[in-house]
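Peer 1: Pasting start.cif below, which is mmCIF, C-alpha atoms.
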```cif
data_final
#
loop_
_atom_site.group_PDB
_atom_site.id
_atom_site.type_symbol
_atom_site.label_atom_id
_atom_site.label_comp_id
_atom_site.auth_asym_id
_atom_site.auth_seq_id
_atom_site.Cartn_x
_atom_site.Cartn_y
_atom_site.Cartn_z
ATOM 1 C CA MET A 1 21.125 -10.931 3.631
ATOM 2 C CA SER A 2 21.682 -13.775 6.095
ATOM 3 C CA GLU A 3 21.335 -11.259 8.930
ATOM 4 C CA CYS A 4 17.883 -10.118 7.786
ATOM 5 C CA LEU A 5 15.184 -10.892 10.360
ATOM 6 C CA PHE A 6 12.501 -11.574 7.757
ATOM 7 C CA CYS A 7 14.818 -13.761 5.658
ATOM 8 C CA LYS A 8 15.383 -15.826 8.822
ATOM 9 C CA ILE A 9 11.624 -16.076 9.403
ATOM 10 C CA ILE A 10 11.127 -17.086 5.764
ATOM 11 C CA LYS A 11 13.803 -19.798 6.106
ATOM 12 C CA GLY A 12 12.243 -20.974 9.381
ATOM 13 C CA GLU A 13 15.361 -20.096 11.386
ATOM 14 C CA ILE A 14 13.219 -17.843 13.618
ATOM 15 C CA PRO A 15 9.713 -18.979 14.612
ATOM 16 C CA SER A 16 6.669 -16.962 13.541
ATOM 17 C CA GLN A 17 2.902 -17.377 13.416
ATOM 18 C CA LYS A 18 2.649 -17.918 9.660
ATOM 19 C CA ILE A 19 -0.887 -17.638 8.362
ATOM 20 C CA PHE A 20 -0.173 -17.842 4.640
ATOM 21 C CA GLU A 21 2.673 -19.022 2.482
ATOM 22 C CA ASP A 22 3.200 -19.756 -1.203
ATOM 23 C CA GLU A 23 6.268 -19.799 -3.447
ATOM 24 C CA ASP A 24 6.618 -15.998 -3.470
ATOM 25 C CA ILE A 25 5.054 -14.691 -0.269
ATOM 26 C CA VAL A 26 4.741 -15.319 3.439
ATOM 27 C CA ALA A 27 2.316 -13.660 5.872
ATOM 28 C CA PHE A 28 2.472 -13.647 9.674
ATOM 29 C CA TYR A 29 1.143 -11.635 12.603
ATOM 30 C CA ASP A 30 2.982 -8.453 13.609
ATOM 31 C CA ILE A 31 4.571 -9.041 17.024
ATOM 32 C CA ASN A 32 3.663 -5.461 18.027
ATOM 33 C CA PRO A 33 0.075 -5.178 16.734
ATOM 34 C CA GLN A 34 -1.443 -1.722 16.214
ATOM 35 C CA SER A 35 -5.004 -2.964 15.648
ATOM 36 C CA PRO A 36 -7.086 -6.055 16.472
ATOM 37 C CA VAL A 37 -5.864 -7.645 13.240
ATOM 38 C CA HIS A 38 -2.327 -6.683 12.180
ATOM 39 C CA ILE A 39 -0.658 -8.924 9.632
ATOM 40 C CA LEU A 40 2.563 -8.484 7.649
ATOM 41 C CA VAL A 41 2.631 -9.706 4.064
ATOM 42 C CA VAL A 42 6.203 -10.208 2.904
ATOM 43 C CA PRO A 43 7.725 -11.141 -0.453
ATOM 44 C CA LYS A 44 10.291 -13.904 0.010
ATOM 45 C CA VAL A 45 12.872 -12.208 -2.190
ATOM 46 C CA HIS A 46 15.049 -9.852 -0.160
ATOM 47 C CA LYS A 47 14.503 -6.202 -1.097
ATOM 48 C CA ALA A 48 15.671 -3.759 1.574
ATOM 49 C CA THR A 49 13.333 -0.892 0.642
ATOM 50 C CA LEU A 50 10.583 -0.133 -1.867
ATOM 51 C CA ASP A 51 13.169 1.805 -3.856
ATOM 52 C CA ASP A 52 14.925 -1.467 -4.635
ATOM 53 C CA LEU A 53 11.933 -2.681 -6.656
ATOM 54 C CA GLU A 54 12.158 -2.615 -10.454
ATOM 55 C CA ASP A 55 9.535 -2.520 -13.191
ATOM 56 C CA GLY A 56 9.742 -6.304 -13.497
ATOM 57 C CA ASP A 57 8.520 -6.619 -9.903
ATOM 58 C CA ALA A 58 5.045 -5.234 -10.680
ATOM 59 C CA HIS A 59 3.371 -8.644 -10.631
ATOM 60 C CA LEU A 60 5.020 -9.618 -7.327
ATOM 61 C CA VAL A 61 4.049 -6.329 -5.645
ATOM 62 C CA GLY A 62 0.495 -6.764 -6.887
ATOM 63 C CA LYS A 63 0.439 -10.335 -5.639
ATOM 64 C CA VAL A 64 1.508 -9.173 -2.158
ATOM 65 C CA THR A 65 -1.293 -6.595 -2.167
ATOM 66 C CA LEU A 66 -3.913 -9.086 -3.361
ATOM 67 C CA ALA A 67 -2.763 -11.556 -0.690
ATOM 68 C CA ALA A 68 -3.357 -8.862 1.947
ATOM 69 C CA ILE A 69 -6.841 -8.205 0.547
ATOM 70 C CA ARG A 70 -7.617 -11.925 0.655
ATOM 71 C CA LEU A 71 -6.361 -12.160 4.248
ATOM 72 C CA ALA A 72 -8.582 -9.204 5.184
ATOM 73 C CA LYS A 73 -11.603 -11.145 3.922
ATOM 74 C CA GLU A 74 -10.516 -14.338 5.663
ATOM 75 C CA ASN A 75 -9.997 -12.480 8.948
ATOM 76 C CA GLN A 76 -13.460 -10.876 8.803
ATOM 77 C CA ILE A 77 -12.143 -7.309 8.674
ATOM 78 C CA ALA A 78 -12.989 -6.556 5.048
ATOM 79 C CA GLN A 79 -16.634 -5.672 5.523
ATOM 80 C CA ASN A 80 -16.019 -2.733 7.893
ATOM 81 C CA GLY A 81 -12.747 -1.661 6.411
ATOM 82 C CA TYR A 82 -8.997 -2.028 6.646
ATOM 83 C CA ARG A 83 -5.831 -0.128 5.847
ATOM 84 C CA LEU A 84 -2.756 -1.317 3.911
ATOM 85 C CA VAL A 85 0.544 0.474 4.577
ATOM 86 C CA TRP A 86 4.008 0.320 3.018
ATOM 87 C CA ASN A 87 6.734 2.235 4.898
ATOM 88 C CA CYS A 88 9.890 3.275 3.090
ATOM 89 C CA ARG A 89 12.909 4.214 5.228
ATOM 90 C CA GLU A 90 13.294 5.798 8.658
ATOM 91 C CA GLN A 91 11.054 8.876 8.340
ATOM 92 C CA ALA A 92 8.170 6.556 7.506
ATOM 93 C CA GLY A 93 8.964 4.243 10.414
ATOM 94 C CA GLN A 94 10.443 1.327 8.485
ATOM 95 C CA THR A 95 12.225 -0.789 11.083
ATOM 96 C CA VAL A 96 12.920 -4.066 9.261
ATOM 97 C CA PHE A 97 14.775 -3.533 6.013
ATOM 98 C CA HIS A 98 13.043 -6.257 4.039
ATOM 99 C CA ILE A 99 9.926 -4.816 2.413
ATOM 100 C CA HIS A 100 6.581 -5.764 3.922
ATOM 101 C CA LEU A 101 2.971 -4.648 3.589
ATOM 102 C CA HIS A 102 1.030 -3.950 6.803
ATOM 103 C CA LEU A 103 -2.601 -5.110 6.857
ATOM 104 C CA LEU A 104 -4.443 -3.388 9.732
ATOM 105 C CA GLY A 105 -8.100 -3.829 10.574
ATOM 106 C CA GLY A 106 -10.728 -4.344 13.249
ATOM 107 C CA ARG A 107 -10.971 -0.740 14.399
ATOM 108 C CA THR A 108 -11.563 2.758 13.024
ATOM 109 C CA PHE A 109 -8.483 4.506 11.615
ATOM 110 C CA GLU A 110 -7.639 8.195 11.900
ATOM 111 C CA TRP A 111 -6.525 10.586 9.168
ATOM 112 C CA PRO A 112 -3.722 11.480 8.580
ATOM 113 C CA PRO A 113 -2.254 7.996 8.625
ATOM 114 C CA GLY A 114 0.420 8.750 11.192
ATOM 115 C CA MET B 1 -19.854 4.978 -12.712
ATOM 116 C CA SER B 2 -20.467 8.283 -14.475
ATOM 117 C CA GLU B 3 -21.032 9.876 -11.061
ATOM 118 C CA CYS B 4 -17.608 8.833 -9.786
ATOM 119 C CA LEU B 5 -15.394 11.819 -8.949
ATOM 120 C CA PHE B 6 -12.185 10.105 -10.018
ATOM 121 C CA CYS B 7 -13.721 8.800 -13.257
ATOM 122 C CA LYS B 8 -14.612 12.427 -14.020
ATOM 123 C CA ILE B 9 -11.053 13.555 -13.284
ATOM 124 C CA ILE B 10 -9.709 10.738 -15.482
ATOM 125 C CA LYS B 11 -12.018 11.812 -18.326
ATOM 126 C CA GLY B 12 -11.000 15.459 -17.848
ATOM 127 C CA GLU B 13 -14.533 16.491 -16.896
ATOM 128 C CA ILE B 14 -13.197 17.863 -13.610
ATOM 129 C CA PRO B 15 -9.836 19.669 -13.552
ATOM 130 C CA SER B 16 -6.948 18.276 -11.513
ATOM 131 C CA GLN B 17 -3.213 18.828 -11.175
ATOM 132 C CA LYS B 18 -2.147 15.690 -13.047
ATOM 133 C CA ILE B 19 1.496 14.872 -12.565
ATOM 134 C CA PHE B 20 1.590 11.509 -14.320
ATOM 135 C CA GLU B 21 -0.598 9.663 -16.781
ATOM 136 C CA ASP B 22 -0.283 6.573 -18.934
ATOM 137 C CA GLU B 23 -2.793 4.142 -20.442
ATOM 138 C CA ASP B 24 -3.638 2.539 -17.093
ATOM 139 C CA ILE B 25 -2.927 5.100 -14.385
ATOM 140 C CA VAL B 26 -3.277 8.749 -13.487
ATOM 141 C CA ALA B 27 -1.627 10.587 -10.570
ATOM 142 C CA PHE B 28 -2.531 13.981 -9.151
ATOM 143 C CA TYR B 29 -2.084 15.981 -5.954
ATOM 144 C CA ASP B 30 -4.496 15.367 -3.069
ATOM 145 C CA ILE B 31 -6.631 18.487 -2.604
ATOM 146 C CA ASN B 32 -6.440 18.025 1.184
ATOM 147 C CA PRO B 33 -2.747 17.223 1.669
ATOM 148 C CA GLN B 34 -1.612 15.545 4.888
ATOM 149 C CA SER B 35 2.114 16.003 4.267
ATOM 150 C CA PRO B 36 4.385 18.298 2.212
ATOM 151 C CA VAL B 37 4.041 15.858 -0.692
ATOM 152 C CA HIS B 38 0.704 14.041 -0.941
ATOM 153 C CA ILE B 39 -0.128 12.424 -4.263
ATOM 154 C CA LEU B 40 -2.907 10.040 -5.261
ATOM 155 C CA VAL B 41 -2.095 7.286 -7.744
ATOM 156 C CA VAL B 42 -5.276 5.972 -9.359
ATOM 157 C CA PRO B 43 -5.948 3.127 -11.778
ATOM 158 C CA LYS B 44 -8.172 4.344 -14.619
ATOM 159 C CA VAL B 45 -10.459 1.325 -14.441
ATOM 160 C CA HIS B 46 -13.292 1.893 -11.970
ATOM 161 C CA LYS B 47 -13.047 -0.355 -8.918
ATOM 162 C CA ALA B 48 -15.034 0.901 -5.919
ATOM 163 C CA THR B 49 -12.966 -0.809 -3.218
ATOM 164 C CA LEU B 50 -9.895 -3.016 -2.947
ATOM 165 C CA ASP B 51 -12.257 -5.944 -2.467
ATOM 166 C CA ASP B 52 -13.373 -5.550 -6.084
ATOM 167 C CA LEU B 53 -9.913 -6.497 -7.333
ATOM 168 C CA GLU B 54 -9.391 -9.963 -8.768
ATOM 169 C CA ASP B 55 -6.304 -12.126 -9.203
ATOM 170 C CA GLY B 56 -5.948 -10.884 -12.769
ATOM 171 C CA ASP B 57 -5.439 -7.346 -11.446
ATOM 172 C CA ALA B 58 -2.086 -8.165 -9.793
ATOM 173 C CA HIS B 59 -0.025 -6.514 -12.524
ATOM 174 C CA LEU B 60 -2.156 -3.341 -12.466
ATOM 175 C CA VAL B 61 -1.979 -3.038 -8.680
ATOM 176 C CA GLY B 62 1.767 -3.524 -8.812
ATOM 177 C CA LYS B 63 2.045 -0.922 -11.567
ATOM 178 C CA VAL B 64 0.157 1.603 -9.399
ATOM 179 C CA THR B 65 2.548 0.901 -6.516
ATOM 180 C CA LEU B 66 5.658 1.187 -8.694
ATOM 181 C CA ALA B 67 4.333 4.463 -10.145
ATOM 182 C CA ALA B 68 4.015 5.817 -6.592
ATOM 183 C CA ILE B 69 7.597 4.735 -5.824
ATOM 184 C CA ARG B 70 8.835 6.461 -8.996
ATOM 185 C CA LEU B 71 6.916 9.634 -8.094
ATOM 186 C CA ALA B 72 8.501 9.562 -4.619
ATOM 187 C CA LYS B 73 11.929 9.602 -6.254
ATOM 188 C CA GLU B 74 10.953 12.350 -8.700
ATOM 189 C CA ASN B 75 9.546 14.491 -5.874
ATOM 190 C CA GLN B 76 12.735 14.153 -3.795
ATOM 191 C CA ILE B 77 11.012 12.414 -0.877
ATOM 192 C CA ALA B 78 12.465 8.942 -1.410
ATOM 193 C CA GLN B 79 15.801 9.476 0.301
ATOM 194 C CA ASN B 80 14.351 10.341 3.737
ATOM 195 C CA GLY B 81 11.320 8.127 3.477
ATOM 196 C CA TYR B 82 7.673 8.006 2.482
ATOM 197 C CA ARG B 83 4.507 6.087 3.275
ATOM 198 C CA LEU B 84 2.061 4.429 0.843
ATOM 199 C CA VAL B 85 -1.515 3.863 2.056
ATOM 200 C CA TRP B 86 -4.543 2.063 0.631
ATOM 201 C CA ASN B 87 -7.819 2.625 2.530
ATOM 202 C CA CYS B 88 -10.667 0.165 2.154
ATOM 203 C CA ARG B 89 -14.130 1.305 3.216
ATOM 204 C CA GLU B 90 -15.387 3.719 5.873
ATOM 205 C CA GLN B 91 -13.559 2.463 8.986
ATOM 206 C CA ALA B 92 -10.296 3.040 7.150
ATOM 207 C CA GLY B 93 -11.357 6.494 6.003
ATOM 208 C CA GLN B 94 -12.015 5.746 2.335
ATOM 209 C CA THR B 95 -13.998 8.733 1.041
ATOM 210 C CA VAL B 96 -13.868 8.340 -2.746
ATOM 211 C CA PHE B 97 -15.087 4.939 -3.858
ATOM 212 C CA HIS B 98 -12.653 4.492 -6.732
ATOM 213 C CA ILE B 99 -9.498 2.864 -5.418
ATOM 214 C CA HIS B 100 -6.406 5.051 -5.025
ATOM 215 C CA LEU B 101 -2.996 4.758 -3.422
ATOM 216 C CA HIS B 102 -1.839 7.630 -1.201
ATOM 217 C CA LEU B 103 1.821 8.623 -1.483
ATOM 218 C CA LEU B 104 2.813 10.760 1.518
ATOM 219 C CA GLY B 105 6.262 12.192 2.176
ATOM 220 C CA GLY B 106 8.330 15.153 3.251
ATOM 221 C CA ARG B 107 7.880 14.742 6.996
ATOM 222 C CA THR B 108 8.264 12.149 9.753
ATOM 223 C CA PHE B 109 5.318 9.765 10.178
ATOM 224 C CA GLU B 110 3.969 8.392 13.451
ATOM 225 C CA TRP B 111 3.111 4.805 14.344
ATOM 226 C CA PRO B 112 0.387 3.543 14.381
ATOM 227 C CA PRO B 113 -0.576 4.822 10.951
ATOM 228 C CA GLY B 114 -3.794 6.470 12.051
#
```
For this file, write the structure as structure tokens.

Peer 2:
Amino acid sequence: MSECLFCKIIKGEIPSQKIFEDEDIVAFYDINPQSPVHILVVPKVHKATLDDLEDGDAHLVGKVTLAAIRLAKENQIAQNGYRLVWNCREQAGQTVFHIHLHLLGGRTFEWPPG
Amino acid sequence: MSECLFCKIIKGEIPSQKIFEDEDIVAFYDINPQSPVHILVVPKVHKATLDDLEDGDAHLVGKVTLAAIRLAKENQIAQNGYRLVWNCREQAGQTVFHIHLHLLGGRTFEWPPG
């Protein structure tokens, strides 16, 4: 766990542009943005993939999602629209194995979603 | 609300291939699939967009997400990877204004996600 990039960001061992933080969640800008606004919302607890979540994590997962929705409003991308994306494992493009929700907005998105 | 396509599916007024249902959620196959497995997970309560969710909905939103993760495992797409997508409003490609989580798997996904 101590080698996890996002755990290091959460602990402050690696700098990041944090835009939200509470006891359970941190949010910061993606360093490789795919849209004018591209934010990662990350639970502080280390879970490598979505498959590591358990039924008792429902509230936390919902809280992460609602934080992303709130950040969309605060970043003025809610009115036109935004996309939220969870990637699980390599085929989906997961690159950091600490779960995180992508908030993307500020442009039109294509379908399919990748 | 009575004109909502997904409310009609939930009530059984329009047929669908339901693959999961409990008191809060229904899941069925997308009629225009974008991947070998493409399932929609839908809360039964009518919310037009993600922006209509309130803090008290955290548990429900988490339950929808965990249901999608469980369905990924049951449909044998978890091991290689899958993507979960929420679209909010037109720029993101939301077409049915009753919130739903897309579960897509069974192929490799590109980045950006649309």

Peer 1: One decimal, Å: what's the distance from atom CA of B:Asp57 over to atom CA of A:Ile99, could you say?

Peer 2: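 Taking atom CA of B:Asp57 as the start and atom CA of A:Ile99 as the end point, the length is 20.8 Å.
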
Peer 1: Output the coordinates of chain A after least-squares fitting to chain B on all in-order C-alpha pairs, as an mmCIF file with C-alpha atoms, in the coordinates of the input.

Peer 2:
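Result written to result.cif:
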```cif
data_model
loop_
_atom_site.group_PDB
_atom_site.id
_atom_site.type_symbol
_atom_site.label_atom_id
_atom_site.label_comp_id
_atom_site.auth_asym_id
_atom_site.auth_seq_id
_atom_site.Cartn_x
_atom_site.Cartn_y
_atom_site.Cartn_z
ATOM 1 C CA MET A 1 -19.806 4.987 -12.723
ATOM 2 C CA SER A 2 -20.466 8.302 -14.468
ATOM 3 C CA GLU A 3 -21.025 9.881 -11.050
ATOM 4 C CA CYS A 4 -17.595 8.832 -9.763
ATOM 5 C CA LEU A 5 -15.386 11.825 -8.944
ATOM 6 C CA PHE A 6 -12.172 10.103 -10.011
ATOM 7 C CA CYS A 7 -13.715 8.798 -13.247
ATOM 8 C CA LYS A 8 -14.625 12.426 -14.025
ATOM 9 C CA ILE A 9 -11.058 13.543 -13.277
ATOM 10 C CA ILE A 10 -9.716 10.733 -15.471
ATOM 11 C CA LYS A 11 -12.026 11.801 -18.327
ATOM 12 C CA GLY A 12 -11.011 15.444 -17.834
ATOM 13 C CA GLU A 13 -14.555 16.489 -16.904
ATOM 14 C CA ILE A 14 -13.216 17.865 -13.593
ATOM 15 C CA PRO A 15 -9.861 19.684 -13.540
ATOM 16 C CA SER A 16 -6.956 18.290 -11.515
ATOM 17 C CA GLN A 17 -3.219 18.838 -11.183
ATOM 18 C CA LYS A 18 -2.152 15.699 -13.047
ATOM 19 C CA ILE A 19 1.504 14.874 -12.579
ATOM 20 C CA PHE A 20 1.580 11.502 -14.319
ATOM 21 C CA GLU A 21 -0.597 9.663 -16.773
ATOM 22 C CA ASP A 22 -0.277 6.565 -18.940
ATOM 23 C CA GLU A 23 -2.802 4.155 -20.445
ATOM 24 C CA ASP A 24 -3.636 2.536 -17.091
ATOM 25 C CA ILE A 25 -2.929 5.098 -14.382
ATOM 26 C CA VAL A 26 -3.283 8.745 -13.479
ATOM 27 C CA ALA A 27 -1.632 10.581 -10.572
ATOM 28 C CA PHE A 28 -2.544 13.990 -9.148
ATOM 29 C CA TYR A 29 -2.103 15.988 -5.953
ATOM 30 C CA ASP A 30 -4.507 15.357 -3.065
ATOM 31 C CA ILE A 31 -6.655 18.474 -2.618
ATOM 32 C CA ASN A 32 -6.443 18.036 1.178
ATOM 33 C CA PRO A 33 -2.738 17.221 1.661
ATOM 34 C CA GLN A 34 -1.614 15.538 4.889
ATOM 35 C CA SER A 35 2.120 15.998 4.265
ATOM 36 C CA PRO A 36 4.383 18.277 2.203
ATOM 37 C CA VAL A 37 4.050 15.848 -0.705
ATOM 38 C CA HIS A 38 0.701 14.036 -0.946
ATOM 39 C CA ILE A 39 -0.116 12.431 -4.272
ATOM 40 C CA LEU A 40 -2.906 10.040 -5.272
ATOM 41 C CA VAL A 41 -2.096 7.292 -7.750
ATOM 42 C CA VAL A 42 -5.267 5.983 -9.359
ATOM 43 C CA PRO A 43 -5.952 3.133 -11.780
ATOM 44 C CA LYS A 44 -8.173 4.345 -14.614
ATOM 45 C CA VAL A 45 -10.462 1.327 -14.434
ATOM 46 C CA HIS A 46 -13.291 1.915 -11.971
ATOM 47 C CA LYS A 47 -13.053 -0.352 -8.920
ATOM 48 C CA ALA A 48 -15.041 0.911 -5.934
ATOM 49 C CA THR A 49 -12.962 -0.797 -3.230
ATOM 50 C CA LEU A 50 -9.890 -3.015 -2.946
ATOM 51 C CA ASP A 51 -12.258 -5.941 -2.468
ATOM 52 C CA ASP A 52 -13.378 -5.537 -6.071
ATOM 53 C CA LEU A 53 -9.910 -6.476 -7.336
ATOM 54 C CA GLU A 54 -9.379 -9.964 -8.763
ATOM 55 C CA ASP A 55 -6.298 -12.133 -9.190
ATOM 56 C CA GLY A 56 -5.941 -10.890 -12.766
ATOM 57 C CA ASP A 57 -5.430 -7.355 -11.442
ATOM 58 C CA ALA A 58 -2.083 -8.170 -9.790
ATOM 59 C CA HIS A 59 -0.019 -6.514 -12.516
ATOM 60 C CA LEU A 60 -2.152 -3.346 -12.472
ATOM 61 C CA VAL A 61 -1.977 -3.044 -8.668
ATOM 62 C CA GLY A 62 1.779 -3.524 -8.821
ATOM 63 C CA LYS A 63 2.053 -0.931 -11.562
ATOM 64 C CA VAL A 64 0.167 1.600 -9.405
ATOM 65 C CA THR A 65 2.550 0.904 -6.519
ATOM 66 C CA LEU A 66 5.660 1.185 -8.698
ATOM 67 C CA ALA A 67 4.334 4.457 -10.145
ATOM 68 C CA ALA A 68 4.031 5.816 -6.592
ATOM 69 C CA ILE A 69 7.607 4.738 -5.833
ATOM 70 C CA ARG A 70 8.828 6.456 -8.996
ATOM 71 C CA LEU A 71 6.921 9.634 -8.096
ATOM 72 C CA ALA A 72 8.503 9.562 -4.626
ATOM 73 C CA LYS A 73 11.943 9.609 -6.254
ATOM 74 C CA GLU A 74 10.959 12.345 -8.695
ATOM 75 C CA ASN A 75 9.555 14.485 -5.873
ATOM 76 C CA GLN A 76 12.736 14.151 -3.786
ATOM 77 C CA ILE A 77 11.015 12.405 -0.877
ATOM 78 C CA ALA A 78 12.462 8.933 -1.404
ATOM 79 C CA GLN A 79 15.790 9.476 0.305
ATOM 80 C CA ASN A 80 14.334 10.336 3.736
ATOM 81 C CA GLY A 81 11.312 8.132 3.486
ATOM 82 C CA TYR A 82 7.672 8.005 2.493
ATOM 83 C CA ARG A 83 4.507 6.094 3.272
ATOM 84 C CA LEU A 84 2.064 4.429 0.848
ATOM 85 C CA VAL A 85 -1.508 3.869 2.058
ATOM 86 C CA TRP A 86 -4.540 2.071 0.634
ATOM 87 C CA ASN A 87 -7.814 2.631 2.531
ATOM 88 C CA CYS A 88 -10.654 0.161 2.152
ATOM 89 C CA ARG A 89 -14.136 1.315 3.208
ATOM 90 C CA GLU A 90 -15.403 3.716 5.863
ATOM 91 C CA GLN A 91 -13.568 2.464 8.971
ATOM 92 C CA ALA A 92 -10.297 3.034 7.136
ATOM 93 C CA GLY A 93 -11.345 6.503 5.992
ATOM 94 C CA GLN A 94 -12.013 5.758 2.330
ATOM 95 C CA THR A 95 -13.984 8.737 1.048
ATOM 96 C CA VAL A 96 -13.865 8.339 -2.743
ATOM 97 C CA PHE A 97 -15.087 4.945 -3.866
ATOM 98 C CA HIS A 98 -12.654 4.501 -6.728
ATOM 99 C CA ILE A 99 -9.492 2.850 -5.420
ATOM 100 C CA HIS A 100 -6.420 5.037 -5.034
ATOM 101 C CA LEU A 101 -2.995 4.752 -3.430
ATOM 102 C CA HIS A 102 -1.844 7.623 -1.191
ATOM 103 C CA LEU A 103 1.824 8.620 -1.491
ATOM 104 C CA LEU A 104 2.812 10.754 1.524
ATOM 105 C CA GLY A 105 6.253 12.172 2.178
ATOM 106 C CA GLY A 106 8.338 15.142 3.254
ATOM 107 C CA ARG A 107 7.871 14.740 6.995
ATOM 108 C CA THR A 108 8.261 12.147 9.751
ATOM 109 C CA PHE A 109 5.322 9.758 10.178
ATOM 110 C CA GLU A 110 3.961 8.398 13.450
ATOM 111 C CA TRP A 111 3.111 4.808 14.349
ATOM 112 C CA PRO A 112 0.389 3.545 14.372
ATOM 113 C CA PRO A 113 -0.587 4.818 10.949
ATOM 114 C CA GLY A 114 -3.796 6.480 12.069
#
```

Peer 1: For A:Ile25, find every residue with an atom within 8 Å (counting all atoms listed in the file), except residues of its own chain fewer than 4 positions away, and show them as an MDAnalysis selection string.

Peer 2: chainID A and resid 20:21 41:44 64

Peer 1: If you measure from atom CA of B:Ala72 to atom CA of A:Leu84, what distance in Å do you get, rounded to one decimal?

Peer 2: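 Separation of atom CA of B:Ala72 and atom CA of A:Leu84: 17.8 Å.
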
Peer 1: Please build the interface table for chain A against chain B with a cut-off of 10 Å, listing for each qualifying residue the nearest atom pair and the distance in Å to one decimal; count all atoms listed in the file, order rows by chain and increasing number, and write it as CSV.

Peer 2:
```
residue,atom,partner,partner_atom,distance
A:Pro33,CA,B:Pro112,CA,9.0
A:Gln34,CA,B:Pro112,CA,5.9
A:Ser35,CA,B:Pro112,CA,8.5
A:Thr49,CA,B:Gly81,CA,9.7
A:Leu50,CA,B:Ile69,CA,6.9
A:Asp51,CA,B:Ile69,CA,6.6
A:Asp52,CA,B:Ile69,CA,9.7
A:Leu53,CA,B:Leu66,CA,7.6
A:Glu54,CA,B:Leu66,CA,7.7
A:Asp55,CA,B:Leu66,CA,7.0
A:Gly56,CA,B:Lys63,CA,9.6
A:Asp57,CA,B:Gly62,CA,7.5
A:Ala58,CA,B:Gly62,CA,4.1
A:His59,CA,B:His59,CA,4.4
A:Leu60,CA,B:Gly62,CA,7.1
A:Val61,CA,B:Gly62,CA,4.8
A:Gly62,CA,B:Gly62,CA,4.0
A:Lys63,CA,B:Ala58,CA,5.3
A:Val64,CA,B:Ala58,CA,8.5
A:Thr65,CA,B:Val61,CA,7.5
A:Leu66,CA,B:Ala58,CA,6.7
A:Ala67,CA,B:Asp55,CA,9.2
A:Ile69,CA,B:Asp51,CA,6.6
A:Arg70,CA,B:Asp51,CA,8.2
A:Ala72,CA,B:Asp51,CA,9.1
A:Lys73,CA,B:Asp51,CA,8.3
A:Ile77,CA,B:Gln91,CA,9.9
A:Ala78,CA,B:Asp51,CA,7.6
A:Gln79,CA,B:Arg89,CA,7.8
A:Asn80,CA,B:Gln91,CA,5.9
A:Gly81,CA,B:Arg89,CA,4.6
A:Tyr82,CA,B:Ala92,CA,5.3
A:Arg83,CA,B:Asn87,CA,4.7
A:Leu84,CA,B:Trp86,CA,5.0
A:Val85,CA,B:Val85,CA,4.7
A:Trp86,CA,B:Leu84,CA,5.0
A:Asn87,CA,B:Arg83,CA,4.7
A:Cys88,CA,B:Gly81,CA,5.1
A:Arg89,CA,B:Gly81,CA,4.6
A:Glu90,CA,B:Gly81,CA,6.0
A:Gln91,CA,B:Thr108,CA,4.5
A:Ala92,CA,B:Phe109,CA,5.1
A:Gly93,CA,B:Phe109,CA,6.6
A:Gln94,CA,B:Gly81,CA,8.5
A:Leu101,CA,B:Leu84,CA,9.5
A:His102,CA,B:Val85,CA,9.5
A:Leu103,CA,B:Trp86,CA,9.7
A:Leu104,CA,B:Ala92,CA,9.1
A:Gly105,CA,B:Ala92,CA,8.0
A:Gly106,CA,B:Gln91,CA,8.5
A:Arg107,CA,B:Gln91,CA,6.8
A:Thr108,CA,B:Gln91,CA,4.5
A:Phe109,CA,B:Ala92,CA,5.0
A:Glu110,CA,B:Gly114,CA,4.2
A:Trp111,CA,B:Gly114,CA,5.7
A:Pro112,CA,B:Gln34,CA,5.9
A:Pro113,CA,B:Gly114,CA,4.1
A:Gly114,CA,B:Pro113,CA,4.1
```

Peer 1: Go through the shown structure with the PyMOL selection byres ((chain A and resi 4) around 10) and write out the matching residues as a PyMOL selection string.

Peer 2: chain A and resi 1-3+5-10+46+48+96-98

Peer 1: May I have the residues from that selection written out with C-alpha atoms, as a tab-separated table (two decimals), in the coordinates of the input?

Peer 2:
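Output (part25.tsv):
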```tsv
chain	number	residue	atom	x	y	z
A	1	MET	CA	21.12	-10.93	3.63
A	2	SER	CA	21.68	-13.78	6.10
A	3	GLU	CA	21.34	-11.26	8.93
A	5	LEU	CA	15.18	-10.89	10.36
A	6	PHE	CA	12.50	-11.57	7.76
A	7	CYS	CA	14.82	-13.76	5.66
A	8	LYS	CA	15.38	-15.83	8.82
A	9	ILE	CA	11.62	-16.08	9.40
A	10	ILE	CA	11.13	-17.09	5.76
A	46	HIS	CA	15.05	-9.85	-0.16
A	48	ALA	CA	15.67	-3.76	1.57
A	96	VAL	CA	12.92	-4.07	9.26
A	97	PHE	CA	14.78	-3.53	6.01
A	98	HIS	CA	13.04	-6.26	4.04
```

Peer 1: What does the distance from atom CA of B:Ile31 to atom CA of B:His100 come to in Å, to one decimal?

Peer 2: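 Those two atoms sit 13.7 Å apart.
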
Peer 1: Axis-aligned box over every listed atom of stretch 72-88 of chain A, padded by 6 Å per side: centre and edges in Å to one decimal, as JSON?

Peer 2:
```
{"center_x": -3.4, "center_y": -5.5, "center_z": 6.0, "size_x": 38.5, "size_y": 29.6, "size_z": 17.9}
```

Peer 1: Smallest atom-to-atom distance to A:Lys11: which of A:Ala68, A:Val45, A:Gln76, A:Asp30, using all atoms listed in the file?

Peer 2: A:Val45

Peer 1: Applying 10 Å and all atoms listed in the file, which residues near A:Ile19 remain after dropping the ones on its own chain fewer than 3 positions away? List them as a list in words.

Peer 2: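 Residues near the query, excluding close chain neighbours: Ser16, Val26, Ala27, Phe28, Tyr29, Ile39, Leu40, Val41 and Leu71 of chain A.
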